[in-house]
Amino acid sequence: MVAAASYGLAALAAAVVGGLMLMMPAAVMALGVNWGTMATHPLPPRTVVQMLQDNGIRKVKLFDADAGPMSALAGSGLEVMVGIPNNMLGIMMEYDAAREWVHRNVSAYNFDGGEHQCICSFPYQDWYVAVGNEPFLTSLNGTFLNVTLPALQNIQRALDDAGLGGTIKATVPLNADVYDSPPDQPYPSSGRFRPDIADLMTSIVQFLNQTGAPFTVNIYPFLSLYGSPGFPLDYAFFDGTSSPVSDPGSGVTYTNVFDANFDTLVSALGAAGVGGLPVVVGEVGWPTDGDIHATPALAQRFYAGLTRKLAAKAGTPLRPNQYVEAYLFGLIDEDAKSVDPGNFERHWGIMRYDGQPKFEMDLQGGDAVALVGARDVEYLPRQWCVANPNAPGLQGRVADSVGYACGFADCTSLGYGSSCNGLDVVGNASYVFNAYFQVQDQAEGSCDFQGLAVQTAQDPSTNGCNFTIQIATSAAAPGRRSATNVLMVSVVLLALVLLVAP
């Protein structure tokens with residue numbers, strides 16, 4: 001995530017966008033962010049790079065090697081992780097393909113004599129290339145089990161043959177579902193790799209240990225809360241809990257699930273014979289909409305605790321007094337992501353879709369301050385599309401139009417516990433019609449719905465429920481008009497039915 005890791009959960013495969021990534025070592029003590037681009041109207045890449053610089057963010061992770069972000073990052077001084085999708089891992093089993101990828105995406109951008117302006121920071125230090133992204137999710141049904149290790153080995157070989165192997169190492173970012181504790185010993189000190197992939201994981205971590213690369217893991221306390229009824233809310237945060245977990249194997253008492261998750265991995269690495277292998281947290285974050293616990297207030301609480309912990313170099317009970325290199329997920333909301341894992345998938349950003357901050361936070365771990373938003377963002381005209389109050393039989397006719405519109409636009413804020421959940425039938429219809437109108441660039445005919453909708457210059461937003469005006473963009477993003485939101489449509493239609501029912 002793309003964003004799809006949890007402690008003991010593997011329900012988020014459809015949201016994953018795999019990647020090969022270029023990483024700086026844990027010794028570089030700066031917080032990174034994930035820059036996802038699955039949006040119908042993405043911000044211009046140079047605007048995003050300027051926003052990163054304005055906020056003092058020095059590290060950014062990409063999920064592909066698209067020329068737009070890569071070119072914008074060239075010469076910026078930012079440390080970059082660049083990716084290719086999981087579905088290319090099979091191609092990387094061919095050494096020639098791995099060598100070509102390294103040439104185009106590492107050598108060409110990052111070293112003297114490259115074809116493009118360097119996007120790295122000098123002087124050179126150890127770098128890492130991460131092969132794939134969460135390829136062993138249980139919900140992927142073993143699709144990448146046979147290709148990941150060969151691809152990892154080929155990428156490392158290609159780096160070596162290019163003369164870069166002394167400073168660049170290959171790794172694999174993995175979901176936290178690759179390890180767990182047995183049911184009869186559910187404690188971090190009993191952590192082991194998942195039985196069905198234990199031998200494969202042992203081979204991978206031993207290879208990483210031999211080459212000097214880190215283990216990269218994605219940890220999401222929110223997903224522990226989301227996927228486990230009865231999970232104590234305060235255990236997902238860093239400010240104390242009424243439900244601590246005592247580990248009889250280590251004598252440690254855990255007060256938050258992040259530490260428990262991380263140390264379960266540490267124990268699994270020890271059991272595999274590589275207890276000292278460095279660990280990088282490739283994704284960690286909290287969404288702000290799409291679920292009852294996905295709110296800006298809870299996200300602010302989570303990030304405040306996380307950044308204070310990282311700044312203090314507190315480490316975890318099994319690796320105390322260490323800096324944990326981590327990359328927030330994510331930077332900007334992505335309204336074209338799959339919602340199969342949950343409606344929250346489109347709301348992970350610390351910034352809104354237009355690059356404006358959602359809440360105050362200090363990326364350095366101090367008191368919360370205002371983040372710097374994207375500059376000079378160009379929007380479509382201030383026109384909205386709402387339900388036509390004069391349309392005959394509006395409430396009885398609206399369901400089909402709502403279902404159609406939500407197949408093309410983002411309606412996740414209407415779900416249970418979300419920011420716009422309190423609207424009535426007409427309000428729901430207005431929200432959906434406007435979302436469709438905006439994603440279609442306010443095109444002529446996109447605000448009609450057989451006479452059920454009408455344009456207005458009056459902002460229909462309510463307290464807590466924002467009717468957006470989209471970003472002006474010259475070209476549609478990939479997937480803009482693909483109807484992938486079956487789950488979300490069902491949620492919206494159900495809400496309408498319940499509101500209409502006598």
# chains A, B, ... in the order shown; residues from 1 in each chain; ligands from 1

call {"tool": "residues_around", "arguments": {"residues": "A:Asn466", "least_positions_apart": "6", "cutoff": "12 Å", "atoms": "only C-alpha atoms", "output": "mmCIF file with N, CA and C atoms, in the first residue's frame"}}
result
data_model
loop_
_atom_site.group_PDB
_atom_site.id
_atom_site.type_symbol
_atom_site.label_atom_id
_atom_site.label_comp_id
_atom_site.auth_asym_id
_atom_site.auth_seq_id
_atom_site.Cartn_x
_atom_site.Cartn_y
_atom_site.Cartn_z
ATOM 1 N N ASP A 289 -11.409 8.465 7.873
ATOM 2 C CA ASP A 289 -12.820 8.369 7.491
ATOM 3 C C ASP A 289 -13.080 6.945 7.005
ATOM 4 N N ARG A 352 -5.477 15.851 2.786
ATOM 5 C CA ARG A 352 -6.660 15.560 1.984
ATOM 6 C C ARG A 352 -6.256 15.316 0.526
ATOM 7 N N TRP A 384 -21.507 22.738 -7.645
ATOM 8 C CA TRP A 384 -21.843 21.454 -7.064
ATOM 9 C C TRP A 384 -23.057 20.866 -7.775
ATOM 10 N N CYS A 411 -17.881 7.252 -2.652
ATOM 11 C CA CYS A 411 -18.992 7.501 -1.733
ATOM 12 C C CYS A 411 -18.719 6.933 -0.343
ATOM 13 N N SER A 413 -17.574 8.080 2.342
ATOM 14 C CA SER A 413 -17.876 8.896 3.512
ATOM 15 C C SER A 413 -19.317 8.753 3.973
ATOM 16 N N LEU A 414 -20.130 8.034 3.206
ATOM 17 C CA LEU A 414 -21.525 7.822 3.583
ATOM 18 C C LEU A 414 -21.734 6.561 4.420
ATOM 19 N N SER A 418 -19.063 6.952 9.321
ATOM 20 C CA SER A 418 -18.237 7.864 8.531
ATOM 21 C C SER A 418 -18.724 9.300 8.668
ATOM 22 N N SER A 419 -17.981 10.226 8.071
ATOM 23 C CA SER A 419 -18.221 11.651 8.319
ATOM 24 C C SER A 419 -19.556 12.136 7.791
ATOM 25 N N CYS A 420 -20.123 11.492 6.754
ATOM 26 C CA CYS A 420 -21.384 11.943 6.165
ATOM 27 C C CYS A 420 -22.516 10.948 6.417
ATOM 28 N N ASN A 421 -22.344 10.075 7.393
ATOM 29 C CA ASN A 421 -23.328 9.037 7.662
ATOM 30 C C ASN A 421 -24.675 9.584 8.123
ATOM 31 N N LEU A 423 -26.556 12.024 6.954
ATOM 32 C CA LEU A 423 -27.421 12.682 5.970
ATOM 33 C C LEU A 423 -28.711 11.895 5.771
ATOM 34 N N GLY A 427 -29.982 14.149 1.210
ATOM 35 C CA GLY A 427 -28.582 14.493 1.433
ATOM 36 C C GLY A 427 -27.640 13.442 0.868
ATOM 37 N N SER A 430 -27.578 13.845 -2.867
ATOM 38 C CA SER A 430 -26.809 15.021 -3.248
ATOM 39 C C SER A 430 -25.311 14.754 -3.159
ATOM 40 N N TYR A 431 -24.886 14.096 -2.090
ATOM 41 C CA TYR A 431 -23.474 13.796 -1.935
ATOM 42 C C TYR A 431 -22.974 12.926 -3.088
ATOM 43 N N VAL A 432 -23.743 11.890 -3.408
ATOM 44 C CA VAL A 432 -23.353 10.963 -4.467
ATOM 45 C C VAL A 432 -23.340 11.659 -5.827
ATOM 46 N N ASN A 434 -22.912 14.780 -6.468
ATOM 47 C CA ASN A 434 -21.782 15.703 -6.558
ATOM 48 C C ASN A 434 -20.465 14.960 -6.739
ATOM 49 N N ALA A 435 -20.297 13.846 -6.036
ATOM 50 C CA ALA A 435 -19.064 13.074 -6.195
ATOM 51 C C ALA A 435 -18.886 12.642 -7.648
ATOM 52 N N ASP A 459 -22.653 26.071 -1.674
ATOM 53 C CA ASP A 459 -21.963 24.919 -1.091
ATOM 54 C C ASP A 459 -22.924 24.127 -0.199
ATOM 55 N N PRO A 460 -23.200 22.862 -0.524
ATOM 56 C CA PRO A 460 -24.118 22.056 0.276
ATOM 57 C C PRO A 460 -23.454 21.357 1.464
#

call {"tool": "select_by_dssp", "arguments": {"residues": "stretch 271-408 of chain A", "states": "alpha helix (DSSP H)", "output": "NGL selection string"}}
result
:A and (271 or 296-311 or 394-406)

call {"tool": "closest_residue", "arguments": {"among": "A:Ser190, A:Ser267, A:Thr211, A:Gln440", "to": "A:Ile471", "atoms": "only C-alpha atoms"}}
result
A:Gln440

call {"tool": "residues_around", "arguments": {"residues": "A:Leu43", "least_positions_apart": "5", "cutoff": "10 Å", "atoms": "only C-alpha atoms", "output": "JSON list (two decimals) with all heavy atoms, in the first residue's frame"}}
result
[["chain", "number", "residue", "atom", "x", "y", "z"],
["A", 37, "THR", "N", -0.54, 7.13, -5.45],
["A", 37, "THR", "CA", -1.07, 7.96, -6.54],
["A", 37, "THR", "C", -2.35, 7.40, -7.14],
["A", 37, "THR", "O", -2.71, 7.74, -8.27],
["A", 37, "THR", "CB", -0.02, 8.13, -7.65],
["A", 37, "THR", "OG1", 0.38, 6.83, -8.13],
["A", 37, "THR", "CG2", 1.21, 8.86, -7.13],
["A", 48, "VAL", "N", 3.53, 18.11, -5.13],
["A", 48, "VAL", "CA", 3.71, 17.19, -4.01],
["A", 48, "VAL", "C", 5.14, 17.27, -3.48],
["A", 48, "VAL", "O", 5.36, 17.30, -2.26],
["A", 48, "VAL", "CB", 3.37, 15.75, -4.43],
["A", 48, "VAL", "CG1", 3.65, 14.77, -3.29],
["A", 48, "VAL", "CG2", 1.91, 15.65, -4.87],
["A", 332, "ILE", "N", -1.27, 11.36, 1.05],
["A", 332, "ILE", "CA", -2.47, 11.98, 0.47],
["A", 332, "ILE", "C", -3.56, 10.93, 0.32],
["A", 332, "ILE", "O", -3.29, 9.77, 0.00],
["A", 332, "ILE", "CB", -2.15, 12.58, -0.92],
["A", 332, "ILE", "CG1", -0.95, 13.52, -0.84],
["A", 332, "ILE", "CG2", -3.37, 13.33, -1.49],
["A", 332, "ILE", "CD1", -0.43, 13.96, -2.20],
["A", 353, "TYR", "N", -7.24, 15.00, -0.28],
["A", 353, "TYR", "CA", -6.99, 14.75, -1.70],
["A", 353, "TYR", "C", -6.31, 15.91, -2.39],
["A", 353, "TYR", "O", -5.59, 15.74, -3.39],
["A", 353, "TYR", "CB", -8.33, 14.47, -2.40],
["A", 353, "TYR", "CG", -9.19, 15.71, -2.56],
["A", 353, "TYR", "CD1", -9.28, 16.38, -3.77],
["A", 353, "TYR", "CD2", -9.91, 16.23, -1.49],
["A", 353, "TYR", "CE1", -10.04, 17.53, -3.92],
["A", 353, "TYR", "CE2", -10.68, 17.37, -1.61],
["A", 353, "TYR", "CZ", -10.75, 18.02, -2.83],
["A", 353, "TYR", "OH", -11.51, 19.16, -2.96],
["A", 354, "ASP", "N", -6.50, 17.14, -1.86],
["A", 354, "ASP", "CA", -5.94, 18.33, -2.49],
["A", 354, "ASP", "C", -4.67, 18.82, -1.81],
["A", 354, "ASP", "O", -4.21, 19.93, -2.05],
["A", 354, "ASP", "CB", -6.98, 19.46, -2.51],
["A", 354, "ASP", "CG", -7.51, 19.80, -1.13],
["A", 354, "ASP", "OD1", -7.14, 19.11, -0.14],
["A", 354, "ASP", "OD2", -8.32, 20.74, -1.02],
["A", 355, "GLY", "N", -4.11, 17.98, -0.93],
["A", 355, "GLY", "CA", -2.86, 18.33, -0.29],
["A", 355, "GLY", "C", -2.98, 19.27, 0.88],
["A", 355, "GLY", "O", -1.96, 19.79, 1.36],
["A", 374, "ALA", "N", -0.36, 21.92, 0.26],
["A", 374, "ALA", "CA", 0.10, 22.09, -1.11],
["A", 374, "ALA", "C", -0.15, 23.52, -1.58],
["A", 374, "ALA", "O", -1.19, 24.11, -1.28],
["A", 374, "ALA", "CB", -0.61, 21.10, -2.02],
["A", 377, "VAL", "N", -2.87, 25.18, -5.58],
["A", 377, "VAL", "CA", -3.69, 24.11, -6.14],
["A", 377, "VAL", "C", -4.80, 24.72, -6.98],
["A", 377, "VAL", "O", -5.49, 25.65, -6.55],
["A", 377, "VAL", "CB", -4.29, 23.24, -5.02],
["A", 377, "VAL", "CG1", -5.19, 22.15, -5.60],
["A", 377, "VAL", "CG2", -3.18, 22.63, -4.17],
["A", 378, "GLU", "N", -4.99, 24.20, -8.17],
["A", 378, "GLU", "CA", -6.05, 24.68, -9.06],
["A", 378, "GLU", "C", -7.25, 23.75, -8.97],
["A", 378, "GLU", "O", -7.12, 22.53, -9.11],
["A", 378, "GLU", "CB", -5.54, 24.75, -10.50],
["A", 378, "GLU", "CG", -4.43, 25.75, -10.71],
["A", 378, "GLU", "CD", -4.01, 25.85, -12.17],
["A", 378, "GLU", "OE1", -4.72, 25.27, -13.03],
["A", 378, "GLU", "OE2", -2.98, 26.49, -12.44],
["A", 471, "ILE", "N", -9.88, 18.75, -7.95],
["A", 471, "ILE", "CA", -8.71, 19.40, -8.52],
["A", 471, "ILE", "C", -8.85, 19.46, -10.04],
["A", 471, "ILE", "O", -9.32, 18.50, -10.67],
["A", 471, "ILE", "CB", -7.44, 18.62, -8.15],
["A", 471, "ILE", "CG1", -7.25, 18.61, -6.63],
["A", 471, "ILE", "CG2", -6.22, 19.19, -8.84],
["A", 471, "ILE", "CD1", -6.19, 17.64, -6.19],
["A", 472, "ALA", "N", -8.46, 20.57, -10.61],
["A", 472, "ALA", "CA", -8.43, 20.67, -12.07],
["A", 472, "ALA", "C", -7.23, 19.90, -12.58],
["A", 472, "ALA", "O", -6.10, 20.08, -12.12],
["A", 472, "ALA", "CB", -8.34, 22.13, -12.50],
["A", 473, "THR", "N", -7.45, 19.02, -13.53],
["A", 473, "THR", "CA", -6.36, 18.21, -14.08],
["A", 473, "THR", "C", -6.56, 18.07, -15.57],
["A", 473, "THR", "O", -7.70, 18.02, -16.06],
["A", 473, "THR", "CB", -6.30, 16.82, -13.41],
["A", 473, "THR", "OG1", -5.24, 16.07, -13.98],
["A", 473, "THR", "CG2", -7.59, 16.06, -13.58]]

call {"tool": "select_by_dssp", "arguments": {"residues": "stretch 190-262 of chain A", "states": "strand (DSSP E)", "output": "list in words"}}
result
Arg192, Phe193, Phe215, Thr216, Val217, Asn218, Val245, Ser246, Thr253 and Tyr254 of chain A

call {"tool": "write_last_selection", "arguments": {"atoms": "C-alpha atoms", "output": "PDB file, in the first residue's frame"}}
result
ATOM      1  CA  ARG A 192       7.227 -17.521  14.838  1.00  0.00           C
ATOM      2  CA  PHE A 193       6.848 -17.260  11.107  1.00  0.00           C
ATOM      3  CA  PHE A 215      13.609  -6.895   7.160  1.00  0.00           C
ATOM      4  CA  THR A 216      10.853  -4.482   6.087  1.00  0.00           C
ATOM      5  CA  VAL A 217       7.432  -4.856   7.702  1.00  0.00           C
ATOM      6  CA  ASN A 218       4.115  -2.987   7.526  1.00  0.00           C
ATOM      7  CA  VAL A 245      -0.616  -7.586  28.083  1.00  0.00           C
ATOM      8  CA  SER A 246       1.919  -9.432  30.228  1.00  0.00           C
ATOM      9  CA  THR A 253       4.255  -5.909  30.046  1.00  0.00           C
ATOM     10  CA  TYR A 254       3.049  -4.409  26.766  1.00  0.00           C
TER      11      TYR A 254
END
